[in-house]
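Shown next: work.txt, given as compact mmCIF, C-alpha atoms and all ligand atoms.
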```txt
# COMPACT_ATOMS: atom_id res chain seq x y z
CA MET A 10 6.44 -22.67 -4.29
CA ALA A 11 5.77 -19.00 -5.01
CA ARG A 12 2.87 -17.45 -3.12
CA LYS A 13 0.00 -16.20 -5.30
CA ILE A 14 -0.89 -12.61 -4.63
CA ILE A 15 -3.16 -9.88 -5.97
CA LEU A 16 -1.89 -6.38 -5.34
CA ASP A 17 -4.32 -3.48 -4.87
CA VAL A 18 -2.74 -0.04 -5.35
CA ASP A 19 -3.38 3.70 -5.65
CA THR A 20 -0.08 4.39 -7.42
CA GLY A 21 1.58 6.62 -5.90
CA SER A 22 5.35 6.75 -5.23
CA ASP A 23 5.52 4.03 -2.58
CA ASP A 24 2.95 1.90 -4.44
CA ALA A 25 5.35 2.00 -7.41
CA VAL A 26 8.15 0.56 -5.27
CA ALA A 27 5.76 -2.14 -4.02
CA ILE A 28 4.73 -3.11 -7.56
CA MET A 29 8.37 -3.40 -8.68
CA ALA A 30 9.24 -5.51 -5.62
CA ALA A 31 6.29 -7.86 -6.22
CA ILE A 32 7.14 -8.28 -9.89
CA LEU A 33 10.78 -9.07 -9.15
CA SER A 34 10.29 -11.51 -6.27
CA PRO A 35 10.76 -15.22 -7.05
CA ASP A 36 8.72 -15.94 -3.89
CA ILE A 37 5.68 -14.18 -5.31
CA GLN A 38 3.43 -15.09 -8.22
CA LEU A 39 1.75 -11.79 -9.01
CA GLU A 40 -1.65 -12.73 -10.44
CA ALA A 41 -2.94 -9.20 -11.05
CA VAL A 42 -2.69 -5.58 -10.01
CA CYS A 43 -5.89 -3.66 -9.27
CA SER A 44 -6.01 0.12 -9.14
CA VAL A 45 -8.16 2.17 -6.79
CA ALA A 46 -8.69 5.89 -6.21
CA GLY A 47 -6.73 7.34 -3.31
CA ASN A 48 -3.45 9.16 -3.70
CA LYS A 49 -4.84 10.43 -7.04
CA ASP A 50 -8.02 9.96 -9.05
CA ILE A 51 -8.64 6.58 -10.67
CA ASP A 52 -7.46 7.64 -14.15
CA LYS A 53 -4.08 8.65 -12.74
CA THR A 54 -3.62 5.69 -10.38
CA THR A 55 -4.50 3.30 -13.22
CA GLU A 56 -2.15 5.00 -15.69
CA ASN A 57 0.66 5.09 -13.12
CA THR A 58 0.14 1.40 -12.38
CA LEU A 59 0.32 0.53 -16.07
CA ARG A 60 3.49 2.62 -16.40
CA VAL A 61 5.28 0.68 -13.66
CA VAL A 62 4.19 -2.72 -14.99
CA GLU A 63 5.41 -1.75 -18.47
CA LEU A 64 8.68 -0.27 -17.16
CA LEU A 65 9.57 -3.67 -15.80
CA GLY A 66 8.33 -5.52 -18.88
CA ALA A 67 6.01 -7.62 -16.72
CA GLU A 68 3.09 -9.54 -18.19
CA VAL A 69 0.69 -8.91 -15.33
CA PRO A 70 -2.94 -7.91 -15.96
CA VAL A 71 -4.07 -4.58 -14.55
CA TYR A 72 -7.72 -4.00 -13.56
CA ARG A 73 -9.25 -0.58 -13.02
CA GLY A 74 -10.95 -0.31 -9.64
CA CYS A 75 -13.39 1.95 -7.80
CA ARG A 76 -13.31 5.65 -8.48
CA GLU A 77 -14.55 6.73 -5.06
CA PRO A 78 -15.04 5.44 -1.52
CA LEU A 79 -18.14 3.49 -0.43
CA VAL A 80 -19.82 6.30 1.52
CA LYS A 81 -17.53 9.21 2.33
CA PHE A 82 -18.02 11.35 -0.79
CA LEU A 83 -21.75 11.57 0.04
CA CYS A 84 -20.82 13.47 3.22
CA PRO A 85 -19.01 16.73 2.40
CA ASP A 86 -18.31 17.39 6.09
CA ARG A 87 -16.07 14.31 6.15
CA LEU A 88 -13.67 15.44 3.45
CA GLU A 89 -11.65 18.16 5.14
CA ARG A 90 -8.01 17.52 5.67
CA GLU A 91 -4.80 19.45 5.57
CA GLU A 92 -3.53 20.22 2.08
CA LYS A 93 -0.37 18.21 1.40
CA LYS A 94 2.59 20.52 0.98
CA LYS A 95 4.78 20.86 -2.06
CA VAL A 96 8.45 21.66 -1.59
CA VAL A 97 10.80 23.41 -4.01
CA LYS A 98 14.22 21.77 -3.95
CA ASP A 99 17.04 22.71 -6.35
CA GLY A 100 14.49 24.67 -8.42
CA LYS A 101 12.20 21.60 -8.76
CA VAL A 102 8.75 21.15 -7.22
CA VAL A 103 8.75 17.99 -5.12
CA GLU A 104 5.61 16.20 -3.89
CA MET A 105 5.04 12.96 -2.00
CA HIS A 106 3.12 11.70 -5.05
CA SER A 107 3.30 13.56 -8.34
CA ASP A 108 0.19 13.25 -10.55
CA TYR A 109 2.06 11.05 -13.01
CA LEU A 110 5.19 9.02 -12.32
CA ASP A 111 8.19 10.32 -14.21
CA ILE A 112 8.54 7.29 -16.50
CA PRO A 113 7.20 6.73 -20.04
CA THR A 114 3.45 6.89 -20.66
CA ALA A 115 1.92 3.42 -20.77
CA THR A 116 1.21 1.79 -24.11
CA ILE A 117 -0.28 -1.31 -22.46
CA ARG A 118 -3.96 -1.10 -21.40
CA GLU A 119 -6.04 -2.30 -18.49
CA GLN A 120 -8.33 -5.36 -18.79
CA ASP A 121 -11.95 -5.10 -19.93
CA ILE A 122 -13.59 -5.96 -16.61
CA SER A 123 -13.41 -3.92 -13.42
CA ALA A 124 -11.26 -4.83 -10.43
CA VAL A 125 -14.31 -5.81 -8.37
CA GLU A 126 -15.60 -8.13 -11.12
CA PHE A 127 -12.11 -9.59 -11.41
CA TYR A 128 -11.85 -10.33 -7.68
CA VAL A 129 -15.21 -12.08 -7.64
CA GLN A 130 -14.60 -14.10 -10.82
CA TYR A 131 -11.01 -15.01 -9.94
CA LEU A 132 -11.70 -16.00 -6.36
CA ARG A 133 -14.85 -17.99 -7.18
CA GLN A 134 -12.87 -20.28 -9.43
CA ALA A 135 -9.57 -20.26 -7.47
CA LYS A 136 -8.32 -23.75 -6.67
CA GLU A 137 -5.65 -22.56 -4.23
CA PRO A 138 -5.78 -19.80 -1.64
CA VAL A 139 -4.52 -16.39 -2.68
CA THR A 140 -3.15 -13.50 -0.62
CA LEU A 141 -4.44 -9.97 -1.20
CA VAL A 142 -2.03 -7.11 -0.55
CA ALA A 143 -3.99 -3.88 -0.34
CA VAL A 144 -1.86 -0.75 -0.15
CA GLY A 145 -4.48 1.83 -1.07
CA PRO A 146 -7.96 2.52 0.27
CA LEU A 147 -9.87 -0.74 0.75
CA THR A 148 -12.83 0.08 -1.53
CA ASN A 149 -12.27 -2.67 -4.14
CA VAL A 150 -11.72 -5.42 -1.59
CA ALA A 151 -14.75 -4.40 0.49
CA MET A 152 -16.95 -4.19 -2.62
CA ALA A 153 -15.88 -7.66 -3.78
CA LEU A 154 -16.61 -9.12 -0.33
CA MET A 155 -20.04 -7.46 -0.41
CA VAL A 156 -20.84 -8.84 -3.87
CA ASP A 157 -19.98 -12.41 -2.83
CA GLY A 158 -19.09 -13.19 0.77
CA THR A 159 -18.11 -16.77 -0.10
CA ILE A 160 -14.92 -15.55 -1.77
CA ALA A 161 -13.51 -14.93 1.73
CA GLU A 162 -12.86 -18.68 1.97
CA LYS A 163 -10.41 -18.45 -0.93
CA ILE A 164 -8.33 -15.68 0.65
CA GLU A 165 -5.36 -16.89 2.69
CA GLU A 166 -4.55 -13.47 4.16
CA ILE A 167 -5.21 -9.81 3.47
CA VAL A 168 -2.13 -7.67 4.12
CA VAL A 169 -3.22 -4.07 4.57
CA MET A 170 -1.03 -0.99 4.56
CA GLY A 171 -3.03 1.24 6.80
CA GLY A 172 -3.69 2.63 10.23
CA GLY A 173 -1.51 3.96 12.99
CA TYR A 174 -1.43 3.54 16.77
CA ASN A 175 1.15 6.10 17.90
CA ILE A 176 1.71 7.70 14.49
CA THR A 177 -0.79 9.26 12.07
CA ASN A 178 -0.33 11.26 8.87
CA VAL A 179 -3.53 12.76 7.49
CA THR A 180 -5.32 13.98 10.61
CA PRO A 181 -4.25 13.88 14.26
CA THR A 182 -5.98 10.50 14.57
CA ALA A 183 -5.84 8.89 11.12
CA GLU A 184 -3.65 7.38 8.45
CA PHE A 185 -4.52 8.15 4.81
CA ASN A 186 -5.65 4.77 3.37
CA ILE A 187 -8.05 4.09 6.24
CA TRP A 188 -9.19 7.73 6.43
CA TYR A 189 -10.05 7.78 2.70
CA ASP A 190 -12.51 4.89 2.99
CA PRO A 191 -13.18 4.01 6.63
CA GLU A 192 -16.32 1.95 5.93
CA ALA A 193 -14.42 -0.23 3.48
CA ALA A 194 -11.61 -0.71 6.00
CA GLN A 195 -14.07 -1.80 8.68
CA ARG A 196 -15.67 -4.31 6.31
CA VAL A 197 -12.30 -5.84 5.48
CA ILE A 198 -11.03 -5.95 9.07
CA SER A 199 -14.22 -7.66 10.26
CA SER A 200 -14.50 -10.00 7.24
CA GLY A 201 -13.28 -13.05 9.15
CA VAL A 202 -10.29 -13.42 6.80
CA ARG A 203 -6.84 -13.31 8.45
CA VAL A 204 -5.90 -9.62 8.23
CA THR A 205 -2.39 -8.32 8.87
CA MET A 206 -2.25 -4.56 9.36
CA VAL A 207 0.98 -2.79 8.44
CA PRO A 208 0.41 0.61 10.04
CA LEU A 209 2.57 3.73 10.23
CA ASP A 210 4.17 2.48 13.47
CA ALA A 211 5.85 -0.26 11.41
CA THR A 212 6.47 1.70 8.21
CA HIS A 213 8.09 4.67 9.96
CA ALA A 214 10.38 2.35 11.94
CA ALA A 215 11.34 0.47 8.76
CA CYS A 216 12.36 3.63 6.96
CA ILE A 217 14.64 4.05 3.94
CA THR A 218 17.58 6.48 4.21
CA LEU A 219 19.61 8.46 1.68
CA ASP A 220 22.40 5.92 2.18
CA ASP A 221 19.97 3.12 1.32
CA CYS A 222 19.14 4.99 -1.89
CA LYS A 223 22.84 4.90 -2.76
CA ARG A 224 22.72 1.11 -2.37
CA PHE A 225 19.74 0.95 -4.78
CA ARG A 226 21.55 3.07 -7.37
CA ALA A 227 24.75 1.03 -7.08
CA LEU A 228 22.83 -1.97 -8.42
CA ASN A 229 22.59 -0.21 -11.78
CA THR A 230 19.16 -1.60 -12.60
CA VAL A 231 16.03 0.16 -13.82
CA SER A 232 14.11 -0.73 -10.65
CA GLY A 233 17.00 0.22 -8.35
CA ASP A 234 17.38 3.61 -10.02
CA PHE A 235 13.66 4.33 -10.07
CA ALA A 236 13.21 3.23 -6.45
CA ALA A 237 16.09 5.51 -5.42
CA GLU A 238 14.51 8.44 -7.25
CA LEU A 239 11.13 7.85 -5.59
CA CYS A 240 12.60 7.34 -2.12
CA GLU A 241 14.71 10.50 -2.42
CA GLN A 242 11.56 12.44 -3.37
CA ARG A 243 9.83 11.00 -0.29
CA ILE A 244 12.81 11.91 1.94
CA VAL A 245 12.53 15.56 0.84
CA MET A 246 8.86 15.53 1.79
CA HIS A 247 9.37 13.77 5.13
CA ASN A 248 12.14 16.22 6.06
CA ALA A 249 9.78 19.11 5.26
CA ALA A 250 6.53 17.81 6.72
CA GLN A 251 7.03 14.86 9.07
CA PRO A 252 10.73 14.20 9.89
CA LEU A 253 11.45 10.69 11.12
CA ASP A 254 13.63 9.72 14.11
CA VAL A 255 16.32 8.53 11.69
CA PRO A 256 17.74 11.57 9.82
CA ASP A 257 17.21 11.91 6.05
CA ALA A 258 14.82 9.01 5.86
CA ALA A 259 11.37 8.24 4.51
CA ALA A 260 8.66 5.69 5.07
CA VAL A 261 8.06 3.66 1.92
CA HIS A 262 4.93 2.17 3.40
CA ASP A 263 3.53 0.01 0.64
CA ALA A 264 6.74 -1.82 -0.21
CA LEU A 265 7.01 -3.03 3.39
CA CYS A 266 3.89 -5.16 2.81
CA ILE A 267 5.62 -6.96 -0.05
CA ALA A 268 8.82 -7.34 1.97
CA TYR A 269 6.76 -8.93 4.77
CA LEU A 270 5.71 -11.75 2.40
CA ILE A 271 9.35 -12.45 1.64
CA ASP A 272 10.78 -11.97 5.15
CA PRO A 273 8.12 -11.72 7.88
CA GLY A 274 10.90 -10.45 10.19
CA VAL A 275 10.61 -6.97 8.63
CA LEU A 276 7.57 -6.54 10.91
CA LYS A 277 8.21 -6.52 14.67
CA ASP A 278 5.95 -6.60 17.70
CA VAL A 279 3.04 -8.03 15.73
CA ARG A 280 0.10 -8.48 18.10
CA HIS A 281 -3.26 -10.19 17.62
CA VAL A 282 -5.70 -7.44 18.58
CA HIS A 283 -9.22 -6.14 18.29
CA CYS A 284 -9.41 -3.17 15.92
CA VAL A 285 -12.32 -0.97 14.91
CA VAL A 286 -12.34 2.00 12.56
CA GLY A 287 -13.71 5.40 13.52
CA PHE A 288 -16.24 6.80 11.06
CA ARG A 289 -16.96 10.35 12.16
CA ASP A 290 -15.65 13.51 13.76
CA PHE A 291 -12.29 13.41 15.51
CA CYS A 292 -11.86 9.67 15.01
CA GLU A 293 -12.72 9.59 11.30
CA GLY A 294 -10.44 6.89 9.86
CA GLN A 295 -8.70 6.11 13.14
CA THR A 296 -7.73 2.48 13.74
CA ILE A 297 -8.85 2.10 17.33
CA VAL A 298 -6.83 -0.79 18.65
CA ASP A 299 -7.38 -2.59 21.92
CA PRO A 300 -4.08 -4.34 22.73
CA ARG A 301 -5.17 -5.66 26.13
CA TYR A 302 -5.03 -9.39 26.80
CA TYR A 303 -8.62 -9.58 28.08
CA THR A 304 -9.94 -7.75 25.05
CA GLU A 305 -12.95 -8.22 22.81
CA GLU A 306 -12.68 -10.79 20.00
CA LYS A 307 -9.43 -10.30 18.14
CA ASN A 308 -9.87 -9.56 14.43
CA CYS A 309 -6.43 -8.68 13.04
CA TYR A 310 -2.68 -8.82 13.48
CA TYR A 311 -1.25 -5.33 13.97
CA ALA A 312 2.47 -4.55 13.58
CA PHE A 313 3.69 -2.03 16.14
CA ASP A 314 7.29 -1.91 14.88
CA GLY A 315 9.47 -2.66 11.87
CA ASP A 316 13.09 -3.55 11.05
CA ARG A 317 14.66 -1.11 8.63
CA PHE A 318 17.83 -3.10 8.08
CA LYS A 319 15.98 -6.25 7.06
CA PHE A 320 13.65 -4.19 4.85
CA VAL A 321 16.42 -2.55 2.85
CA ASP A 322 18.22 -5.87 2.44
CA VAL A 323 15.06 -7.43 0.98
CA LEU A 324 14.63 -4.52 -1.45
CA CYS A 325 18.28 -4.61 -2.56
CA ASP A 326 18.04 -8.36 -3.26
CA LEU A 327 14.92 -7.79 -5.37
CA PHE A 328 16.21 -4.83 -7.38
CA ALA A 329 19.46 -6.73 -8.03
CA ARG A 330 17.40 -9.41 -9.81
CA ASP A 331 16.14 -6.90 -12.38
CA LYS A 332 17.61 -7.82 -15.77
CA ARG A 333 17.13 -4.28 -17.11
CA LYS A 334 20.16 -2.11 -16.76
CA GLY A 335 19.89 1.35 -15.14
CA ARG A 336 18.43 4.25 -17.07
C1 LIG B 1 -0.42 5.38 2.54
O1 LIG B 1 -1.11 6.46 1.90
C2 LIG B 1 -0.62 6.68 0.62
O2 LIG B 1 -0.35 8.02 0.44
C3 LIG B 1 0.60 5.82 0.45
O3 LIG B 1 0.70 5.34 -0.86
C4 LIG B 1 0.41 4.73 1.46
O4 LIG B 1 -0.30 3.66 0.91
C5 LIG B 1 0.39 5.92 3.69
O5 LIG B 1 -0.45 6.58 4.59
CA CA B 2 -0.68 3.49 -1.49
```
Entire entry expressed as structure tokens:
Amino acid sequence: MARKIILDVDTGSDDAVAIMAAILSPDIQLEAVCSVAGNKDIDKTTENTLRVVELLGAEVPVYRGCREPLVKFLCPDRLEREEKKKVVKDGKVVEMHSDYLDIPTATIREQDISAVEFYVQYLRQAKEPVTLVAVGPLTNVAMALMVDGTIAEKIEEIVVMGGGYNITNVTPTAEFNIWYDPEAAQRVISSGVRVTMVPLDATHAACITLDDCKRFRALNTVSGDFAAELCEQRIVMHNAAQPLDVPDAAAVHDALCIAYLIDPGVLKDVRHVHCVVGFRDFCEGQTIVDPRYYTEEKNCYYAFDGDRFKFVDVLCDLFARDKRKGR
């Protein structure tokens, strides 16, 4: 039986790949997609989410989520970070996430209630457990758990793209999703629900290469072509700003969370650990992990490694299922 999931996104190039993968998987019943502010403001992440859902012709409701983090925007001293670079390649400006995805403007609209209202209403009446896959800042999920803590009982697992043990990307100590809303991340990690963290250590190991992009394109499907385009854009940015160990490769973080639901083997060295989130100063947004055996109470599963070959195979299988022929 397909696993019911709700996907929470700040779309975003790698979020777009994750949405397509979730829509196409026969192992997943995608109940809804919720947007949240993060990579871009909430208007853009919602519009981009709608664009991807419509591109694939999926009938999945989209809910607009929180426009800012729980606390951080009240503290101007906590907002500094390095400006993300833009790169000019072949006369074109390339960014990790362009404001709007380069696909048609959405004609479908989001639902009338907010993402937080949706979570509370949906989970209160859920008869079977549902898995949340949160690949943006954790604001919506934390808000919903604050509104009604009893909904935690209905959540089978929360899969979080976020954090980093040996690798960071937004400050020397932090990964972006956790850094953007650290208080929300802490609430989710300590919610008592089973939490699986998919940090940069896993997503950088399970990278996508230029050769993998050729495999996506060879499928001649809309999703394969679009994923290749997005991954190539990410490879340009990784090569310029944070080259990976594997040459000409990019992390496609968010899609790894979906792949994990289909083949858990894409995550390696998954350890049950105690994790807390830093709130201020040098550790703002850091996932501080204690991997010792005699540690404090363990509160999440943390993936220290990933398998890039399994990951690309999962994605190719999914994009091959797309009935829409390449653009
Ligand atoms: C995470 O931050 C965002 O930029 C990506 O979409 C991903 O979810 C990686 O740090
Ligand atoms: Ca994201």
Interatomic distance (Å, one decimal) between CA of Arg280 in chain A and CA of Ala11 in chain A: 26.0 Å
Counting all atoms listed in the file, the residue of A:Pro85, A:Gly274, A:Gly74, A:Gly294 that sits nearest ligand LIG 1 (chain B): A:Gly294
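The nearest approach to ligand LIG 1 (chain B) among the residues A:Lys319, A:Arg243, A:His283, A:Arg224, with all atoms listed in the file taken into account, belongs to A:Arg243.
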Cut-off 12 Å around (17.2, -1.7, -16.8) with all atoms listed in the file: residues as a PyMOL selection string: chain A and resi 63-66+226+228-235+328-336
Residues near Gln130 in chain A, cut-off 12 Å, all atoms listed in the file, skip fewer than 2 positions along chain, as a PyMOL selection string: chain A and resi 122-128+132-135+153-154+156-157+159-160+163
With C-alpha atoms retained, export the selected residues as a CSV table (one decimal), keeping the file's coordinate frame.
```
chain,number,residue,atom,x,y,z
A,122,ILE,CA,-13.6,-6.0,-16.6
A,123,SER,CA,-13.4,-3.9,-13.4
A,124,ALA,CA,-11.3,-4.8,-10.4
A,125,VAL,CA,-14.3,-5.8,-8.4
A,126,GLU,CA,-15.6,-8.1,-11.1
A,127,PHE,CA,-12.1,-9.6,-11.4
A,128,TYR,CA,-11.8,-10.3,-7.7
A,132,LEU,CA,-11.7,-16.0,-6.4
A,133,ARG,CA,-14.8,-18.0,-7.2
A,134,GLN,CA,-12.9,-20.3,-9.4
A,135,ALA,CA,-9.6,-20.3,-7.5
A,153,ALA,CA,-15.9,-7.7,-3.8
A,154,LEU,CA,-16.6,-9.1,-0.3
A,156,VAL,CA,-20.8,-8.8,-3.9
A,157,ASP,CA,-20.0,-12.4,-2.8
A,159,THR,CA,-18.1,-16.8,-0.1
A,160,ILE,CA,-14.9,-15.6,-1.8
A,163,LYS,CA,-10.4,-18.4,-0.9
```
To check your reading of the model: which residues sit at most 6 Å from ligand LIG 1 (chain B) when counting all atoms listed in the file? Write the answer as a short mmCIF file (atom, residue, chain, number, x, y, z; two decimals) with C-alpha atoms, in the coordinates of the input.
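Produced file result_30.cif, reproduced below:
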```cif
data_model
loop_
_atom_site.label_atom_id
_atom_site.label_comp_id
_atom_site.auth_asym_id
_atom_site.auth_seq_id
_atom_site.Cartn_x
_atom_site.Cartn_y
_atom_site.Cartn_z
CA GLY A 21 1.58 6.62 -5.90
CA ASP A 23 5.52 4.03 -2.58
CA ASP A 24 2.95 1.90 -4.44
CA ASN A 48 -3.45 9.16 -3.70
CA VAL A 144 -1.86 -0.75 -0.15
CA GLY A 145 -4.48 1.83 -1.07
CA MET A 170 -1.03 -0.99 4.56
CA GLU A 184 -3.65 7.38 8.45
CA PHE A 185 -4.52 8.15 4.81
CA ASN A 186 -5.65 4.77 3.37
CA HIS A 262 4.93 2.17 3.40
CA ASP A 263 3.53 0.01 0.64
#
```
Residue nearest Met152 in chain A - candidates A:Thr54, A:Asn308, A:Thr180, A:Ser200, atoms counted: only C-alpha atoms: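 Closest candidate: A:Ser200.
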Select the residues contacting ligand CA 2 (chain B) at a distance of at most 12 Å, based on all atoms listed in the file, then format the selection as a short mmCIF file (atom, residue, chain, number, x, y, z; two decimals) with C-alpha atoms, in the frame of the given file.
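See selection.cif below for the written result:
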```
data_model
loop_
_atom_site.label_atom_id
_atom_site.label_comp_id
_atom_site.auth_asym_id
_atom_site.auth_seq_id
_atom_site.Cartn_x
_atom_site.Cartn_y
_atom_site.Cartn_z
CA LEU A 16 -1.89 -6.38 -5.34
CA ASP A 17 -4.32 -3.48 -4.87
CA VAL A 18 -2.74 -0.04 -5.35
CA ASP A 19 -3.38 3.70 -5.65
CA THR A 20 -0.08 4.39 -7.42
CA GLY A 21 1.58 6.62 -5.90
CA SER A 22 5.35 6.75 -5.23
CA ASP A 23 5.52 4.03 -2.58
CA ASP A 24 2.95 1.90 -4.44
CA ALA A 25 5.35 2.00 -7.41
CA VAL A 26 8.15 0.56 -5.27
CA ALA A 27 5.76 -2.14 -4.02
CA ILE A 28 4.73 -3.11 -7.56
CA CYS A 43 -5.89 -3.66 -9.27
CA SER A 44 -6.01 0.12 -9.14
CA VAL A 45 -8.16 2.17 -6.79
CA ALA A 46 -8.69 5.89 -6.21
CA GLY A 47 -6.73 7.34 -3.31
CA ASN A 48 -3.45 9.16 -3.70
CA LYS A 49 -4.84 10.43 -7.04
CA THR A 54 -3.62 5.69 -10.38
CA ASN A 57 0.66 5.09 -13.12
CA THR A 58 0.14 1.40 -12.38
CA MET A 105 5.04 12.96 -2.00
CA HIS A 106 3.12 11.70 -5.05
CA VAL A 142 -2.03 -7.11 -0.55
CA ALA A 143 -3.99 -3.88 -0.34
CA VAL A 144 -1.86 -0.75 -0.15
CA GLY A 145 -4.48 1.83 -1.07
CA PRO A 146 -7.96 2.52 0.27
CA LEU A 147 -9.87 -0.74 0.75
CA VAL A 169 -3.22 -4.07 4.57
CA MET A 170 -1.03 -0.99 4.56
CA GLY A 171 -3.03 1.24 6.80
CA GLU A 184 -3.65 7.38 8.45
CA PHE A 185 -4.52 8.15 4.81
CA ASN A 186 -5.65 4.77 3.37
CA ILE A 187 -8.05 4.09 6.24
CA TYR A 189 -10.05 7.78 2.70
CA VAL A 207 0.98 -2.79 8.44
CA PRO A 208 0.41 0.61 10.04
CA ALA A 260 8.66 5.69 5.07
CA VAL A 261 8.06 3.66 1.92
CA HIS A 262 4.93 2.17 3.40
CA ASP A 263 3.53 0.01 0.64
CA ALA A 264 6.74 -1.82 -0.21
CA LEU A 265 7.01 -3.03 3.39
CA CYS A 266 3.89 -5.16 2.81
#
```
Å distance separating CA of Thr304 in chain A from CA of Val282 in chain A, one decimal place: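 These atoms are spaced 7.7 Å apart.
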Two-atom distance - CA of Asp111 in chain A, CA of Leu219 in chain A (Å): 19.7 Å
Leu141 in chain A environment, 6 Å, all atoms listed in the file, sequence neighbours closer than 6 positions dropped, as a list in words: Ile14, Ile15 and Ile167 of chain A
Residue contacts of Lys277 in chain A (12 Å, all atoms listed in the file) excluding same-chain residues fewer than 4 positions away, as a list in words: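 Neighbouring residues, sequence-local ones excluded: Met206, Val207, Pro208, Asp210, Ala211, Thr212, Ala214, Ala215, Leu265, Tyr269, Asp272, Pro273, Tyr310, Tyr311, Ala312, Phe313, Asp314, Gly315, Asp316, Arg317, Lys319 and Phe320 of chain A.
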For the residues in that selection, give me C-alpha atoms as a PDB file, keeping the file's coordinate frame.
```
ATOM      1  CA  MET A 206      -2.250  -4.560   9.360  1.00  0.00           C
ATOM      2  CA  VAL A 207       0.980  -2.790   8.440  1.00  0.00           C
ATOM      3  CA  PRO A 208       0.410   0.610  10.040  1.00  0.00           C
ATOM      4  CA  ASP A 210       4.170   2.480  13.470  1.00  0.00           C
ATOM      5  CA  ALA A 211       5.850  -0.260  11.410  1.00  0.00           C
ATOM      6  CA  THR A 212       6.470   1.700   8.210  1.00  0.00           C
ATOM      7  CA  ALA A 214      10.380   2.350  11.940  1.00  0.00           C
ATOM      8  CA  ALA A 215      11.340   0.470   8.760  1.00  0.00           C
ATOM      9  CA  LEU A 265       7.010  -3.030   3.390  1.00  0.00           C
ATOM     10  CA  TYR A 269       6.760  -8.930   4.770  1.00  0.00           C
ATOM     11  CA  ASP A 272      10.780 -11.970   5.150  1.00  0.00           C
ATOM     12  CA  PRO A 273       8.120 -11.720   7.880  1.00  0.00           C
ATOM     13  CA  TYR A 310      -2.680  -8.820  13.480  1.00  0.00           C
ATOM     14  CA  TYR A 311      -1.250  -5.330  13.970  1.00  0.00           C
ATOM     15  CA  ALA A 312       2.470  -4.550  13.580  1.00  0.00           C
ATOM     16  CA  PHE A 313       3.690  -2.030  16.140  1.00  0.00           C
ATOM     17  CA  ASP A 314       7.290  -1.910  14.880  1.00  0.00           C
ATOM     18  CA  GLY A 315       9.470  -2.660  11.870  1.00  0.00           C
ATOM     19  CA  ASP A 316      13.090  -3.550  11.050  1.00  0.00           C
ATOM     20  CA  ARG A 317      14.660  -1.110   8.630  1.00  0.00           C
ATOM     21  CA  LYS A 319      15.980  -6.250   7.060  1.00  0.00           C
ATOM     22  CA  PHE A 320      13.650  -4.190   4.850  1.00  0.00           C
TER      23      PHE A 320
END
```
Given only C-alpha atoms as the counted atoms, nearest of A:His213, A:Lys307, A:Arg73, A:Lys223 to Gln120 in chain A: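 The shortest atom-to-atom distance to Gln120 in chain A comes from A:Arg73.
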Near-Pro78 in chain A list (6 Å; only C-alpha atoms; drop same-chain fewer than 2 positions) as an MDAnalysis selection string: chainID A and resid 80:81 148 190
Pick from A:Ala236, A:Ala115, A:Val69, A:Ala250 nearest to Ala41 in chain A, counting all atoms listed in the file: A:Val69
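Distances from A:Gln295, A:Asn175, A:Thr182, A:Thr116 to Val62 in chain A were compared using only C-alpha atoms, and the smallest one belongs to A:Thr116.
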I'd like the neighbourhood of Ile297 in chain A as a compact mmCIF listing (two decimals) with C-alpha atoms, in the frame of the given file, where a residue qualifies if any of its atoms comes within 8 Å (using all atoms listed in the file), though same-chain residues fewer than 5 positions away should be ignored.
```
# COMPACT_ATOMS: atom_id res chain seq x y z
CA TYR A 174 -1.43 3.54 16.77
CA CYS A 284 -9.41 -3.17 15.92
CA VAL A 285 -12.32 -0.97 14.91
CA VAL A 286 -12.34 2.00 12.56
CA GLY A 287 -13.71 5.40 13.52
```
